[in-house]
Each structure stands twice: as structure tokens, then as C-alpha cells.
file run_17.pdb (PDB, C-alpha atoms)
ATOM      1  CA  HIS T   1       0.000   0.000   0.000
ATOM      2  CA  LEU T   2       3.038   2.300   0.259
ATOM      3  CA  THR T   3       4.081   1.605  -3.345
ATOM      4  CA  PRO T   4       2.945   3.912  -6.178
ATOM      5  CA  PRO T   5       0.508   2.292  -8.663
ATOM      6  CA  GLU T   6       2.315  -0.006 -11.091
ATOM      7  CA  VAL T   7       2.969   1.068 -14.681
ATOM      8  CA  TYR T   8       3.764  -2.502 -15.743
ATOM      9  CA  ALA T   9       3.452  -5.937 -14.168
ATOM     10  CA  ASP T  10       4.158  -9.508 -15.189
ATOM     11  CA  ARG T  11       1.252 -11.304 -13.527
ATOM     12  CA  PRO T  12      -1.273 -14.020 -14.437
ATOM     13  CA  GLU T  13      -3.808 -12.923 -17.016
ATOM     14  CA  GLY T  14      -6.903 -11.485 -15.386
ATOM     15  CA  ALA T  15      -5.241 -10.831 -12.022
ATOM     16  CA  PRO T  16      -6.050  -7.349 -10.683
ATOM     17  CA  ALA T  17      -3.469  -4.573 -10.976
ATOM     18  CA  ASP T  18      -1.557  -3.645  -7.815
ATOM     19  CA  GLY T  19      -2.549  -6.933  -6.211
ATOM     20  CA  PRO T  20      -0.600 -10.050  -5.238
ATOM     21  CA  GLY T  21       0.532 -12.830  -7.545
ATOM     22  CA  TRP T  22       2.954 -10.794  -9.672
ATOM     23  CA  HIS T  23       6.382 -11.940 -10.916
ATOM     24  CA  VAL T  24       7.902  -8.527 -11.811
ATOM     25  CA  ARG T  25       6.479  -5.050 -11.177
ATOM     26  CA  VAL T  26       7.498  -1.594 -12.426
ATOM     27  CA  VAL T  27       6.432   1.444 -10.403
ATOM     28  CA  PRO T  28       7.317   5.159 -10.435
ATOM     29  CA  ASN T  29      10.254   6.032  -8.201
ATOM     30  CA  ARG T  30       9.033   7.771  -5.050
ATOM     31  CA  PHE T  31      12.207   9.873  -5.006
ATOM     32  CA  PRO T  32      12.841  10.531  -8.706
ATOM     33  CA  ALA T  33      15.887  12.178 -10.233
ATOM     34  CA  VAL T  34      13.655  13.518 -13.035
ATOM     35  CA  SER T  35       9.925  14.049 -13.195
ATOM     36  CA  LEU T  36       7.125  14.107 -15.753
ATOM     37  CA  GLU T  37       5.773  17.083 -13.789
ATOM     38  CA  SER T  38       8.765  19.241 -14.753
ATOM     39  CA  PRO T  39       8.131  21.605 -17.678
ATOM     40  CA  LEU T  40       9.436  20.569 -21.080
ATOM     41  CA  PRO T  41       9.827  23.337 -23.691
ATOM     42  CA  GLU T  42       7.859  22.640 -26.833
ATOM     43  CA  ASP T  43      11.006  22.893 -28.911
ATOM     44  CA  PHE T  44      14.576  22.579 -27.697
ATOM     45  CA  VAL T  45      17.976  21.433 -28.913
ATOM     46  CA  CYS T  46      20.867  19.608 -27.291
ATOM     47  CA  LYS T  47      24.439  20.477 -28.218
ATOM     48  CA  PRO T  48      27.414  18.387 -27.087
ATOM     49  CA  GLY T  49      29.219  20.348 -24.402
ATOM     50  CA  PHE T  50      26.397  22.872 -23.986
ATOM     51  CA  GLY T  51      23.526  20.736 -22.754
ATOM     52  CA  CYS T  52      19.894  21.369 -23.691
ATOM     53  CA  TYR T  53      18.155  24.686 -24.113
ATOM     54  CA  PRO T  54      15.014  26.069 -25.826
ATOM     55  CA  VAL T  55      15.632  27.014 -29.444
ATOM     56  CA  GLN T  56      14.408  30.566 -28.876
ATOM     57  CA  ASP T  57      17.193  31.176 -26.349
ATOM     58  CA  PRO T  58      20.449  32.872 -27.386
ATOM     59  CA  PRO T  59      22.986  30.534 -28.992
ATOM     60  CA  PRO T  60      25.571  29.068 -26.583
ATOM     61  CA  SER T  61      28.233  31.593 -27.640
ATOM     62  CA  GLU T  62      26.020  34.434 -26.374
ATOM     63  CA  ALA T  63      24.348  32.688 -23.452
ATOM     64  CA  SER T  64      25.438  32.577 -19.831
ATOM     65  CA  LEU T  65      28.082  30.051 -18.879
ATOM     66  CA  PHE T  66      25.661  28.749 -16.248
ATOM     67  CA  GLU T  67      22.884  27.042 -18.146
ATOM     68  CA  SER T  68      20.159  24.870 -16.677
ATOM     69  CA  PHE T  69      17.293  22.792 -17.987
ATOM     70  CA  PRO T  70      14.167  21.558 -16.194
ATOM     71  CA  GLY T  71      14.545  17.998 -14.920
ATOM     72  CA  PHE T  72      11.923  16.531 -17.222
ATOM     73  CA  GLY T  73      11.912  12.764 -17.580
ATOM     74  CA  ALA T  74      10.616   9.527 -16.102
ATOM     75  CA  HIS T  75      12.216   7.521 -13.296
ATOM     76  CA  GLU T  76      10.951   4.037 -12.521
ATOM     77  CA  VAL T  77      11.829   1.165 -10.190
ATOM     78  CA  VAL T  78      11.748  -2.422 -11.459
ATOM     79  CA  VAL T  79      10.956  -4.782  -8.567
ATOM     80  CA  GLU T  80      12.629  -7.945  -9.810
ATOM     81  CA  CYS T  81      10.815 -10.576  -7.762
ATOM     82  CA  PRO T  82       8.284 -10.799  -4.907
ATOM     83  CA  ASP T  83      10.865 -12.079  -2.398
ATOM     84  CA  ALA T  84      12.616  -9.090  -0.836
ATOM     85  CA  ASN T  85      15.513 -11.258   0.367
ATOM     86  CA  THR T  86      16.519 -12.737  -3.001
ATOM     87  CA  ALA T  87      19.800 -11.461  -4.461
ATOM     88  CA  PHE T  88      19.994 -10.665  -8.175
ATOM     89  CA  HIS T  89      22.372 -13.541  -8.897
ATOM     90  CA  GLU T  90      19.947 -15.920  -7.160
ATOM     91  CA  LEU T  91      17.184 -15.284  -9.695
ATOM     92  CA  SER T  92      16.613 -18.223 -12.033
ATOM     93  CA  PRO T  93      17.264 -17.777 -15.767
ATOM     94  CA  GLY T  94      13.490 -17.820 -16.225
ATOM     95  CA  GLN T  95      12.971 -15.028 -13.699
ATOM     96  CA  LEU T  96      15.823 -13.040 -15.243
ATOM     97  CA  THR T  97      14.046 -13.378 -18.583
ATOM     98  CA  ARG T  98      10.935 -11.883 -16.988
ATOM     99  CA  VAL T  99      13.018  -8.968 -15.685
ATOM    100  CA  LEU T 100      14.590  -8.368 -19.107
ATOM    101  CA  SER T 101      11.115  -8.512 -20.654
ATOM    102  CA  ALA T 102       9.992  -5.788 -18.240
ATOM    103  CA  TYR T 103      12.946  -3.648 -19.348
ATOM    104  CA  ARG T 104      12.001  -4.267 -22.985
ATOM    105  CA  HIS T 105       8.389  -3.260 -22.376
ATOM    106  CA  ARG T 106       9.329   0.012 -20.690
ATOM    107  CA  VAL T 107      11.973   0.940 -23.291
ATOM    108  CA  ALA T 108       9.393   0.319 -26.033
ATOM    109  CA  ALA T 109       6.845   2.473 -24.200
ATOM    110  CA  TYR T 110       9.210   5.441 -24.096
ATOM    111  CA  ARG T 111      10.445   4.926 -27.649
ATOM    112  CA  HIS T 112       6.888   5.525 -28.833
ATOM    113  CA  ASP T 113       6.674   8.763 -26.818
ATOM    114  CA  GLU T 114       8.077  11.589 -28.960
ATOM    115  CA  ARG T 115       9.199  13.497 -25.866
ATOM    116  CA  PHE T 116      12.024  11.037 -25.191
ATOM    117  CA  ARG T 117      15.327  10.266 -26.875
ATOM    118  CA  TYR T 118      17.061   7.864 -24.521
ATOM    119  CA  VAL T 119      16.314   5.305 -21.805
ATOM    120  CA  GLN T 120      18.952   4.169 -19.324
ATOM    121  CA  VAL T 121      18.512   0.844 -17.538
ATOM    122  CA  PHE T 122      20.805   0.343 -14.548
ATOM    123  CA  LYS T 123      21.172  -1.452 -11.237
ATOM    124  CA  ASN T 124      22.951  -0.519  -8.009
ATOM    125  CA  VAL T 125      23.793  -3.121  -5.356
ATOM    126  CA  GLY T 126      25.550  -2.186  -2.121
ATOM    127  CA  HIS T 127      26.616   1.071  -0.517
ATOM    128  CA  LYS T 128      29.692   1.588  -2.730
ATOM    129  CA  ALA T 129      27.491   1.205  -5.807
ATOM    130  CA  GLY T 130      24.988   3.797  -4.618
ATOM    131  CA  ALA T 131      22.146   1.534  -3.478
ATOM    132  CA  SER T 132      19.775   3.034  -0.906
ATOM    133  CA  VAL T 133      17.376   0.086  -0.414
ATOM    134  CA  LEU T 134      18.038  -3.625  -0.035
ATOM    135  CA  HIS T 135      15.202  -5.342  -1.904
ATOM    136  CA  PRO T 136      16.058  -6.664  -5.401
ATOM    137  CA  HIS T 137      15.371  -3.867  -7.847
ATOM    138  CA  SER T 138      16.767  -2.000 -10.813
ATOM    139  CA  GLN T 139      15.949   1.403 -12.257
ATOM    140  CA  ILE T 140      14.924   2.987 -15.542
ATOM    141  CA  VAL T 141      15.415   6.655 -16.398
ATOM    142  CA  ALA T 142      13.895   8.083 -19.603
ATOM    143  CA  LEU T 143      15.309  11.392 -20.860
ATOM    144  CA  PRO T 144      14.352  13.897 -23.580
ATOM    145  CA  PHE T 145      17.952  14.044 -24.826
ATOM    146  CA  ALA T 146      20.945  11.771 -25.345
ATOM    147  CA  PRO T 147      23.280  11.996 -22.313
ATOM    148  CA  HIS T 148      26.788  13.233 -22.995
ATOM    149  CA  ARG T 149      28.437   9.841 -22.465
ATOM    150  CA  ILE T 150      26.019   8.118 -24.844
ATOM    151  CA  SER T 151      26.597  10.810 -27.477
ATOM    152  CA  LEU T 152      30.338  10.339 -26.993
ATOM    153  CA  LYS T 153      30.096   6.540 -27.350
ATOM    154  CA  GLN T 154      27.999   6.910 -30.500
ATOM    155  CA  GLY T 155      30.405   9.493 -31.905
ATOM    156  CA  ILE T 156      33.448   7.270 -31.335
ATOM    157  CA  ALA T 157      31.694   4.272 -32.901
ATOM    158  CA  GLU T 158      30.527   6.370 -35.853
ATOM    159  CA  GLU T 159      34.022   7.746 -36.501
ATOM    160  CA  PHE T 160      35.471   4.219 -36.329
ATOM    161  CA  GLN T 161      32.885   3.048 -38.863
ATOM    162  CA  ARG T 162      33.651   5.961 -41.149
ATOM    163  CA  SER T 163      37.433   5.532 -40.992
ATOM    164  CA  THR T 164      37.628   1.716 -41.112
ATOM    165  CA  GLY T 165      34.343   0.553 -42.621
ATOM    166  CA  ARG T 166      33.818  -1.718 -39.611
ATOM    167  CA  ASP T 167      31.409  -1.713 -36.686
ATOM    168  CA  LEU T 168      33.411  -0.884 -33.547
ATOM    169  CA  TYR T 169      31.692  -3.331 -31.219
ATOM    170  CA  GLN T 170      31.771  -6.138 -33.752
ATOM    171  CA  ALA T 171      35.495  -5.441 -34.145
ATOM    172  CA  VAL T 172      35.944  -5.650 -30.365
ATOM    173  CA  ALA T 173      34.071  -8.972 -30.274
ATOM    174  CA  ARG T 174      36.245 -10.362 -33.083
ATOM    175  CA  GLU T 175      39.461  -9.313 -31.325
ATOM    176  CA  GLU T 176      38.338 -10.868 -28.051
ATOM    177  CA  LEU T 177      37.390 -14.099 -29.826
ATOM    178  CA  ALA T 178      40.777 -14.169 -31.550
ATOM    179  CA  ALA T 179      42.769 -13.393 -28.387
ATOM    180  CA  GLY T 180      40.799 -15.781 -26.200
ATOM    181  CA  GLU T 181      42.487 -14.803 -22.927
ATOM    182  CA  ARG T 182      39.681 -12.528 -21.745
ATOM    183  CA  LEU T 183      36.748 -14.651 -22.961
ATOM    184  CA  LEU T 184      34.237 -16.109 -20.512
ATOM    185  CA  ALA T 185      31.321 -17.733 -22.354
ATOM    186  CA  GLN T 186      28.934 -17.597 -25.308
ATOM    187  CA  GLU T 187      25.180 -18.109 -25.426
ATOM    188  CA  GLY T 188      22.998 -17.662 -28.503
ATOM    189  CA  PRO T 189      23.984 -14.353 -30.084
ATOM    190  CA  TRP T 190      25.872 -13.190 -26.974
ATOM    191  CA  LEU T 191      29.515 -13.093 -25.922
ATOM    192  CA  ALA T 192      30.748 -12.422 -22.347
ATOM    193  CA  PHE T 193      34.315 -11.306 -21.637
ATOM    194  CA  CYS T 194      36.422  -9.173 -19.316
ATOM    195  CA  PRO T 195      37.146  -6.088 -21.437
ATOM    196  CA  TYR T 196      40.685  -5.019 -22.266
ATOM    197  CA  ALA T 197      42.062  -2.412 -19.815
ATOM    198  CA  SER T 198      39.007  -2.794 -17.581
ATOM    199  CA  ALA T 199      38.336   0.155 -15.293
ATOM    200  CA  PHE T 200      37.007  -2.134 -12.539
ATOM    201  CA  ALA T 201      38.392  -5.407 -11.194
ATOM    202  CA  TYR T 202      36.345  -8.360 -12.509
ATOM    203  CA  GLU T 203      34.410  -6.103 -14.890
ATOM    204  CA  VAL T 204      32.397  -8.105 -17.436
ATOM    205  CA  MET T 205      30.898  -6.959 -20.719
ATOM    206  CA  ILE T 206      28.240  -8.789 -22.740
ATOM    207  CA  LEU T 207      28.157  -7.975 -26.458
ATOM    208  CA  PRO T 208      26.437  -9.441 -29.507
ATOM    209  CA  LEU T 209      28.613 -11.892 -31.396
ATOM    210  CA  PRO T 210      29.969 -10.480 -34.667
ATOM    211  CA  ASP T 211      27.693 -10.979 -37.674
ATOM    212  CA  PHE T 212      24.873 -12.292 -35.480
ATOM    213  CA  PRO T 213      22.126 -11.752 -36.268
ATOM    214  CA  ASP T 214      22.282 -10.429 -39.821
ATOM    215  CA  GLU T 215      22.414  -6.701 -40.395
ATOM    216  CA  THR T 216      18.690  -6.496 -41.155
ATOM    217  CA  HIS T 217      18.082  -7.190 -37.434
ATOM    218  CA  PRO T 218      20.909  -5.360 -35.611
ATOM    219  CA  LEU T 219      20.940  -5.647 -31.831
ATOM    220  CA  THR T 220      20.849  -1.905 -31.157
ATOM    221  CA  ASP T 221      17.587  -1.332 -29.291
ATOM    222  CA  LEU T 222      16.292  -3.457 -26.426
ATOM    223  CA  ALA T 223      12.725  -2.759 -27.540
ATOM    224  CA  ASP T 224      13.352  -4.889 -30.655
ATOM    225  CA  PHE T 225      14.812  -7.978 -28.952
ATOM    226  CA  THR T 226      12.963 -11.238 -29.537
ATOM    227  CA  ASP T 227      11.900 -13.541 -26.718
ATOM    228  CA  GLU T 228      14.602 -16.028 -27.757
ATOM    229  CA  CYS T 229      17.212 -13.269 -27.643
ATOM    230  CA  LEU T 230      16.152 -12.309 -24.111
ATOM    231  CA  GLN T 231      16.192 -15.936 -22.962
ATOM    232  CA  SER T 232      19.756 -16.524 -24.165
ATOM    233  CA  LEU T 233      20.864 -13.202 -22.652
ATOM    234  CA  ALA T 234      19.270 -14.155 -19.319
ATOM    235  CA  THR T 235      21.023 -17.545 -19.369
ATOM    236  CA  LEU T 236      24.432 -15.984 -20.025
ATOM    237  CA  LEU T 237      23.905 -13.227 -17.460
ATOM    238  CA  HIS T 238      22.855 -15.835 -14.875
ATOM    239  CA  ARG T 239      26.056 -17.818 -15.473
ATOM    240  CA  VAL T 240      28.251 -14.705 -15.286
ATOM    241  CA  LEU T 241      26.628 -13.450 -12.076
ATOM    242  CA  HIS T 242      27.011 -16.856 -10.394
ATOM    243  CA  ALA T 243      30.678 -16.993 -11.342
ATOM    244  CA  LEU T 244      31.271 -13.475 -10.036
ATOM    245  CA  SER T 245      29.457 -14.372  -6.839
ATOM    246  CA  GLU T 246      31.787 -17.342  -6.263
ATOM    247  CA  THR T 247      34.809 -15.047  -6.508
ATOM    248  CA  GLY T 248      33.336 -13.027  -3.625
ATOM    249  CA  HIS T 249      33.262  -9.867  -5.724
ATOM    250  CA  LEU T 250      29.528  -9.460  -6.252
ATOM    251  CA  GLU T 251      28.587  -8.066  -2.855
ATOM    252  CA  GLU T 252      28.497  -4.552  -4.330
ATOM    253  CA  PHE T 253      28.216  -3.843  -8.043
ATOM    254  CA  ASN T 254      26.616  -1.777 -10.758
ATOM    255  CA  LEU T 255      24.984  -3.092 -13.903
ATOM    256  CA  ALA T 256      24.406  -0.802 -16.884
ATOM    257  CA  MET T 257      22.850  -1.332 -20.307
ATOM    258  CA  TYR T 258      23.774   0.845 -23.282
ATOM    259  CA  GLN T 259      21.938   1.331 -26.550
ATOM    260  CA  SER T 260      21.357   3.869 -29.307
ATOM    261  CA  ALA T 261      19.706   7.183 -28.662
ATOM    262  CA  TRP T 262      16.643   7.724 -30.822
ATOM    263  CA  PRO T 263      16.435  10.404 -33.561
ATOM    264  CA  ASP T 264      16.113  13.981 -32.293
ATOM    265  CA  HIS T 265      13.031  16.159 -32.495
ATOM    266  CA  ASN T 266      13.831  17.027 -36.130
ATOM    267  CA  GLY T 267      13.952  13.357 -37.079
ATOM    268  CA  SER T 268      17.669  13.518 -37.843
ATOM    269  CA  PRO T 269      19.125  10.005 -37.968
ATOM    270  CA  THR T 270      21.580   8.941 -35.289
ATOM    271  CA  PHE T 271      24.344   6.375 -35.547
ATOM    272  CA  ARG T 272      23.098   3.033 -34.249
ATOM    273  CA  LEU T 273      25.177   1.947 -31.290
ATOM    274  CA  ARG T 274      25.254  -1.818 -30.809
ATOM    275  CA  TRP T 275      23.532  -2.770 -27.534
ATOM    276  CA  HIS T 276      25.789  -3.949 -24.729
ATOM    277  CA  LEU T 277      25.768  -4.594 -21.004
ATOM    278  CA  SER T 278      28.422  -4.057 -18.325
ATOM    279  CA  VAL T 279      28.656  -5.620 -14.872
ATOM    280  CA  LEU T 280      30.928  -3.459 -12.709
ATOM    281  CA  PRO T 281      31.906  -5.019  -9.344
ATOM    282  CA  ARG T 282      32.865  -2.360  -6.806
ATOM    283  CA  VAL T 283      35.776  -4.260  -5.316
ATOM    284  CA  SER T 284      37.452  -1.006  -4.310
ATOM    285  CA  GLY T 285      36.244   2.563  -4.089
ATOM    286  CA  ILE T 286      36.684   5.352  -6.603
ATOM    287  CA  ALA T 287      39.356   7.599  -5.100
ATOM    288  CA  GLY T 288      41.106  10.887  -5.822
ATOM    289  CA  LEU T 289      43.061   9.815  -8.901
ATOM    290  CA  GLU T 290      39.960   8.432 -10.607
ATOM    291  CA  LEU T 291      37.867  11.492  -9.750
ATOM    292  CA  SER T 292      40.512  14.026 -10.724
ATOM    293  CA  THR T 293      41.901  12.444 -13.890
ATOM    294  CA  GLY T 294      39.416   9.848 -15.124
ATOM    295  CA  MET T 295      42.205   7.242 -14.913
ATOM    296  CA  PHE T 296      41.304   4.059 -13.025
ATOM    297  CA  ILE T 297      43.622   1.799 -11.054
ATOM    298  CA  ASN T 298      42.664  -1.859 -11.497
ATOM    299  CA  THR T 299      44.700  -4.256  -9.367
ATOM    300  CA  THR T 300      43.274  -7.361 -11.081
ATOM    301  CA  PRO T 301      44.165  -7.497 -14.796
ATOM    302  CA  PRO T 302      41.194  -8.613 -16.922
ATOM    303  CA  GLU T 303      43.218 -11.577 -18.181
ATOM    304  CA  ALA T 304      43.633 -12.842 -14.596
ATOM    305  CA  ALA T 305      39.979 -12.187 -13.757
ATOM    306  CA  ALA T 306      38.836 -14.001 -16.909
ATOM    307  CA  LYS T 307      41.026 -17.030 -16.141
ATOM    308  CA  GLU T 308      39.480 -17.311 -12.664
ATOM    309  CA  LEU T 309      35.932 -16.837 -13.934
ATOM    310  CA  ARG T 310      36.426 -19.347 -16.781
ATOM    311  CA  ALA T 311      37.514 -21.982 -14.281
ATOM    312  CA  ILE T 312      34.344 -21.401 -12.253
ATOM    313  CA  LEU T 313      32.125 -21.417 -15.337
ATOM    314  CA  GLY T 314      33.744 -24.617 -16.572
ATOM    315  CA  SER T 315      33.003 -26.399 -13.296
ATOM    316  CA  HIS T 316      29.285 -25.570 -13.378
ATOM    317  CA  GLN T 317      26.468 -27.386 -15.121
ATOM    318  CA  ARG T 318      24.714 -25.008 -17.499
ATOM    319  CA  PRO T 319      21.229 -23.969 -16.309
ATOM    320  CA  SER T 320      18.210 -24.521 -18.481
ATOM    321  CA  PRO T 321      17.107 -21.205 -20.079
ATOM    322  CA  ALA T 322      13.514 -22.367 -19.891
ATOM    323  CA  ALA T 323      13.574 -22.731 -16.110
ATOM    324  CA  ALA T 324      11.004 -20.151 -15.079
ATOM    325  CA  SER T 325       9.937 -21.443 -11.680
ATOM    326  CA  GLY T 326      11.352 -20.157  -8.436
ATOM    327  CA  HIS T 327      13.375 -17.043  -7.747
TER     328      HIS T 327
END

call {"tool": "encode", "arguments": {"input": "run_17.pdb", "output": "C-alpha cells"}}
result
Amino acid sequence: HLTPPEVYADRPEGAPADGPGWHVRVVPNRFPAVSLESPLPEDFVCKPGFGCYPVQDPPPSEASLFESFPGFGAHEVVVECPDANTAFHELSPGQLTRVLSAYRHRVAAYRHDERFRYVQVFKNVGHKAGASVLHPHSQIVALPFAPHRISLKQGIAEEFQRSTGRDLYQAVAREELAAGERLLAQEGPWLAFCPYASAFAYEVMILPLPDFPDETHPLTDLADFTDECLQSLATLLHRVLHALSETGHLEEFNLAMYQSAWPDHNGSPTFRLRWHLSVLPRVSGIAGLELSTGMFINTTPPEAAAKELRAILGSHQRPSPAAASGH
């Protein structure tokens, strides 16, 4: 009764909204970072380095150095299972599929709302990772512009494509497959590995395999993922999380999903960033060097982390992706 009314729920057909019996629920955040109640100018532009401003305002060269923009957006909480004491890595592959399906539903909902250009799905676990509540949950923030880091990632990938004729993330996947020393596992169209020069100890990235699927169905937007794609992703994520848990480095972590921003208000096309996911264990804190320079000290090379995780993965029996019972 203290929870805001749900905006989405995975529950048996015919069961009443906001009642018991649900598998996954999505509700508005009671303490949102952005709000649908904030004013949104009818027409505005976003410039890299200058933020967002109404088009009738002076151009950035003539405007004040101190610009602001109303905090318009949507902020939701995804309650990942009914049991408040279940850790994320303890969810079955079937329950993880339900969670991913909830993400897909909400991303699709905001993609069809012309006020939004980007949706960020993320998860915080533990004090170091910024978590403020203990129950298993993740968060979704929908924004009317592409955040700076997403614009930067898209710009780097676009420049790589223009200069080499290759997709950056497919090239990364090919190099990791060829090197082998940072690989963890494959499942369906997905590849898990510890990325080169990882910022965090035991950091894991999940990327689409190169050339899978074909280019007529690029994995760039979560809203377009098939059920089979979500099931294989859930299976791989389940295996990775269990392996990380056995290392003792999953007590506190962040999980982030990245995808393309949608075309701007003028309909201008944007470069399609290949969807990917990062699991970022917070083995140590972010200290002065990281904050002041953006350079990260990682005391566990990704090659060493991958070797340890591969050994754990190799000793486990693979779970059935269809297992949907239990949490």
C-alpha cells in the first residue's frame, strides 16, 4: 500500500493490478531524479558540451556560462521478484528473462513517446554502488535528450565506422574471440568477456557476437529484442553473475545497459550503437586519482579475472534457459 501504482506488471492474465501474484512489477520512483511534472519546452535542442536549451534562447556563444534545464523525464523502479531477500544472482534464468522482458516493455513504451530520446537501464547493489534500499530492484530513467556519455560513445563508434568501414563493437568482439584470454562464455547471439584495460576489477561486458544476427536485425535497441534473444541473454547473465558471486566480488556492483539514442526532435538520424551490457563489481572505491583524472587503477588485470571466472564457469552445469519457476 506504500508503493505507487504499477505502470507494468508480469502477472497471471486477469489478475487485478496492484494486487498479489505478480512476478515482476514496475512502479514510479518515489524519489525521482527527473519528473514528468517538470516543464518541457515545446522545442529545444541539445548540443554536445552545452547541454539542452530552448531554441528561442540565445545561442551558446552568447548565453550565460551557467545554463540549466528543467529535470523533465521519467524515473521508474523495477521490482525484480516478490521475495525481498533474493539477491539478483539468485534469480533463475526464467525469472531473469521476466526482468529483461519488463525492461524491454518500458523501453518500447518510451520509444513511442516523442518526448524522449534515450532510456537508461541500470542497477545498483551495495553502498559503494549507490544503493539506498536492499530489496532486489533495478531502475529505468527516460530522458528527452541523449546523455553526454552516450553521445560520446555513439560518436566514437561512428568515426570508427567511417574511418575503417567496420562496426566498432563487432570489431571488439572479433578481437576478443581471436585473443581468447579474456573470454568467458557464449550463449545464442551473446559473448561475455572481461574487457581489455578494464576500469574495474572483474568487470564483465556482454556484447552481440559479430555478424549475429544479420544486419537487417541489428541488436541496437532493447525494444526490438525477440523472446529467444532475451532468454539466451538471461542464461548468459545468470552464469556470469554466479561466477562473479563465487569469486566473492559481487557483494556490491553496478549493472548498466547501453543502446542507441533515438532520432532527435527534427527526425535527424543517429548512428546506431550496438547494444551492450556491463557488470561493474565495486571491489574497491573510486578515489582521488579516478575522480581528478578519469584514470582508473585496477589491481586485477582482466586476463587474470577471466582465467578465474572461466575456471568457475567450466566447473558448473549449465542452467536450463527455460527454467522459469522459483526465484

call {"tool": "atom_distance", "arguments": {"input": "run_17.pdb", "atom1": "CA of Asn85 (chain T)", "atom2": "CA of Ala33 (chain T)"}}
result
25.7 Å

call {"tool": "residues_around", "arguments": {"input": "run_17.pdb", "residues": "Gly248 (chain T)", "least_positions_apart": "6", "cutoff": "12 Å", "atoms": "all atoms listed in the file", "output": "number ranges by chain"}}
result
T: 201-202, 241-242, 281-283, 308-309

call {"tool": "residues_around", "arguments": {"input": "run_17.pdb", "residues": "region 220-223 of chain T", "least_positions_apart": "3", "cutoff": "9 Å", "atoms": "all atoms listed in the file", "output": "ChimeraX atom specification"}}
result
/T:100,103-109,111,217,226,258-261,272-276

call {"tool": "residues_around", "arguments": {"input": "run_17.pdb", "residues": "region 66-77 of chain T", "least_positions_apart": "3", "cutoff": "7 Å", "atoms": "all atoms listed in the file", "output": "PyMOL selection string"}}
result
chain T and resi 26-29+32-36+38-40+52-53+137-144

call {"tool": "resolve_selection", "arguments": {"input": "run_17.pdb", "expression": "the PyMOL selection byres ((chain T and resi 313) around 9)", "output": "list of chain:residue names"}}
result
T:Leu184, T:Ala185, T:Arg239, T:Val240, T:His242, T:Ala243, T:Glu308, T:Leu309, T:Arg310, T:Ala311, T:Ile312, T:Gly314, T:Ser315, T:His316, T:Gln317, T:Arg318

call {"tool": "residues_around", "arguments": {"input": "run_17.pdb", "residues": "His1 (chain T)", "least_positions_apart": "4", "cutoff": "12 Å", "atoms": "all atoms listed in the file", "output": "MDAnalysis selection string"}}
result
chainID T and resid 5:6 18:20

call {"tool": "write_last_selection", "arguments": {"input": "run_17.pdb", "atoms": "C-alpha atoms", "output": "tab-separated table (two decimals), in the coordinates of the input"}}
result
chain	number	residue	atom	x	y	z
T	5	PRO	CA	0.51	2.29	-8.66
T	6	GLU	CA	2.32	-0.01	-11.09
T	18	ASP	CA	-1.56	-3.64	-7.82
T	19	GLY	CA	-2.55	-6.93	-6.21
T	20	PRO	CA	-0.60	-10.05	-5.24

call {"tool": "atom_distance", "arguments": {"input": "run_17.pdb", "atom1": "CA of Ala304 (chain T)", "atom2": "CA of Ala157 (chain T)"}}
result
27.8 Å

call {"tool": "atom_distance", "arguments": {"input": "run_17.pdb", "atom1": "CA of Tyr118 (chain T)", "atom2": "CA of Leu219 (chain T)"}}
result
15.8 Å

call {"tool": "residues_near_point", "arguments": {"input": "run_17.pdb", "point": "(36.8, -14.8, -31.5)", "cutoff": "12 Å", "atoms": "only C-alpha atoms", "output": "PyMOL selection string"}}
result
chain T and resi 170-186+190-193+208-211

call {"tool": "residues_near_point", "arguments": {"input": "run_17.pdb", "point": "(20.1, -0.7, -14.9)", "cutoff": "6 Å", "atoms": "all atoms listed in the file", "output": "NGL selection string"}}
result
:T and (121-123 or 138-139 or 255-256)

call {"tool": "closest_residue", "arguments": {"input": "run_17.pdb", "among": "T:Ser101, T:Phe145, T:Glu228, T:Glu187", "to": "Val119 (chain T)", "atoms": "all atoms listed in the file"}}
result
T:Phe145

call {"tool": "closest_residue", "arguments": {"input": "run_17.pdb", "among": "T:Pro93, T:Cys194, T:Ala146, T:Leu236", "to": "Arg115 (chain T)", "atoms": "all atoms listed in the file"}}
result
T:Ala146

call {"tool": "residues_around", "arguments": {"input": "run_17.pdb", "residues": "Phe296 (chain T)", "least_positions_apart": "2", "cutoff": "12 Å", "atoms": "all atoms listed in the file", "output": "tab-separated table (two decimals) with C-alpha atoms, in the frame of the given file"}}
result
chain	number	residue	atom	x	y	z
T	197	ALA	CA	42.06	-2.41	-19.82
T	198	SER	CA	39.01	-2.79	-17.58
T	199	ALA	CA	38.34	0.16	-15.29
T	200	PHE	CA	37.01	-2.13	-12.54
T	201	ALA	CA	38.39	-5.41	-11.19
T	284	SER	CA	37.45	-1.01	-4.31
T	285	GLY	CA	36.24	2.56	-4.09
T	286	ILE	CA	36.68	5.35	-6.60
T	287	ALA	CA	39.36	7.60	-5.10
T	288	GLY	CA	41.11	10.89	-5.82
T	289	LEU	CA	43.06	9.82	-8.90
T	290	GLU	CA	39.96	8.43	-10.61
T	291	LEU	CA	37.87	11.49	-9.75
T	292	SER	CA	40.51	14.03	-10.72
T	293	THR	CA	41.90	12.44	-13.89
T	294	GLY	CA	39.42	9.85	-15.12
T	298	ASN	CA	42.66	-1.86	-11.50
T	299	THR	CA	44.70	-4.26	-9.37
T	300	THR	CA	43.27	-7.36	-11.08

call {"tool": "resolve_selection", "arguments": {"input": "run_17.pdb", "expression": "the PyMOL selection byres ((chain T and resi 232) around 10)", "output": "list of chain:residue names"}}
result
T:Pro93, T:Thr97, T:Gln186, T:Glu187, T:Gly188, T:Pro189, T:Trp190, T:Asp227, T:Glu228, T:Cys229, T:Leu230, T:Gln231, T:Leu233, T:Ala234, T:Thr235, T:Leu236, T:Leu237, T:His238, T:Ser320, T:Pro321, T:Ala322

call {"tool": "closest_residue", "arguments": {"input": "run_17.pdb", "among": "T:Ala15, T:Gly155, T:Leu168, T:Ala102", "to": "Phe225 (chain T)", "atoms": "only C-alpha atoms"}}
result
T:Ala102

call {"tool": "closest_residue", "arguments": {"input": "run_17.pdb", "among": "T:His112, T:Pro195, T:Gln120, T:Pro302", "to": "Met257 (chain T)", "atoms": "only C-alpha atoms"}}
result
T:Gln120

call {"tool": "axis_aligned_box", "arguments": {"input": "run_17.pdb", "around": "region 12-15 of chain T", "padding_each_side": "5 Å", "output": "lines of an AutoDock Vina configuration file"}}
result
center_x = -4.1
center_y = -12.4
center_z = -14.5
size_x = 15.6
size_y = 13.2
size_z = 15.0

call {"tool": "closest_residue", "arguments": {"input": "run_17.pdb", "among": "T:Pro16, T:Phe31, T:Ala84, T:Phe271", "to": "Ile156 (chain T)", "atoms": "all atoms listed in the file"}}
result
T:Phe271
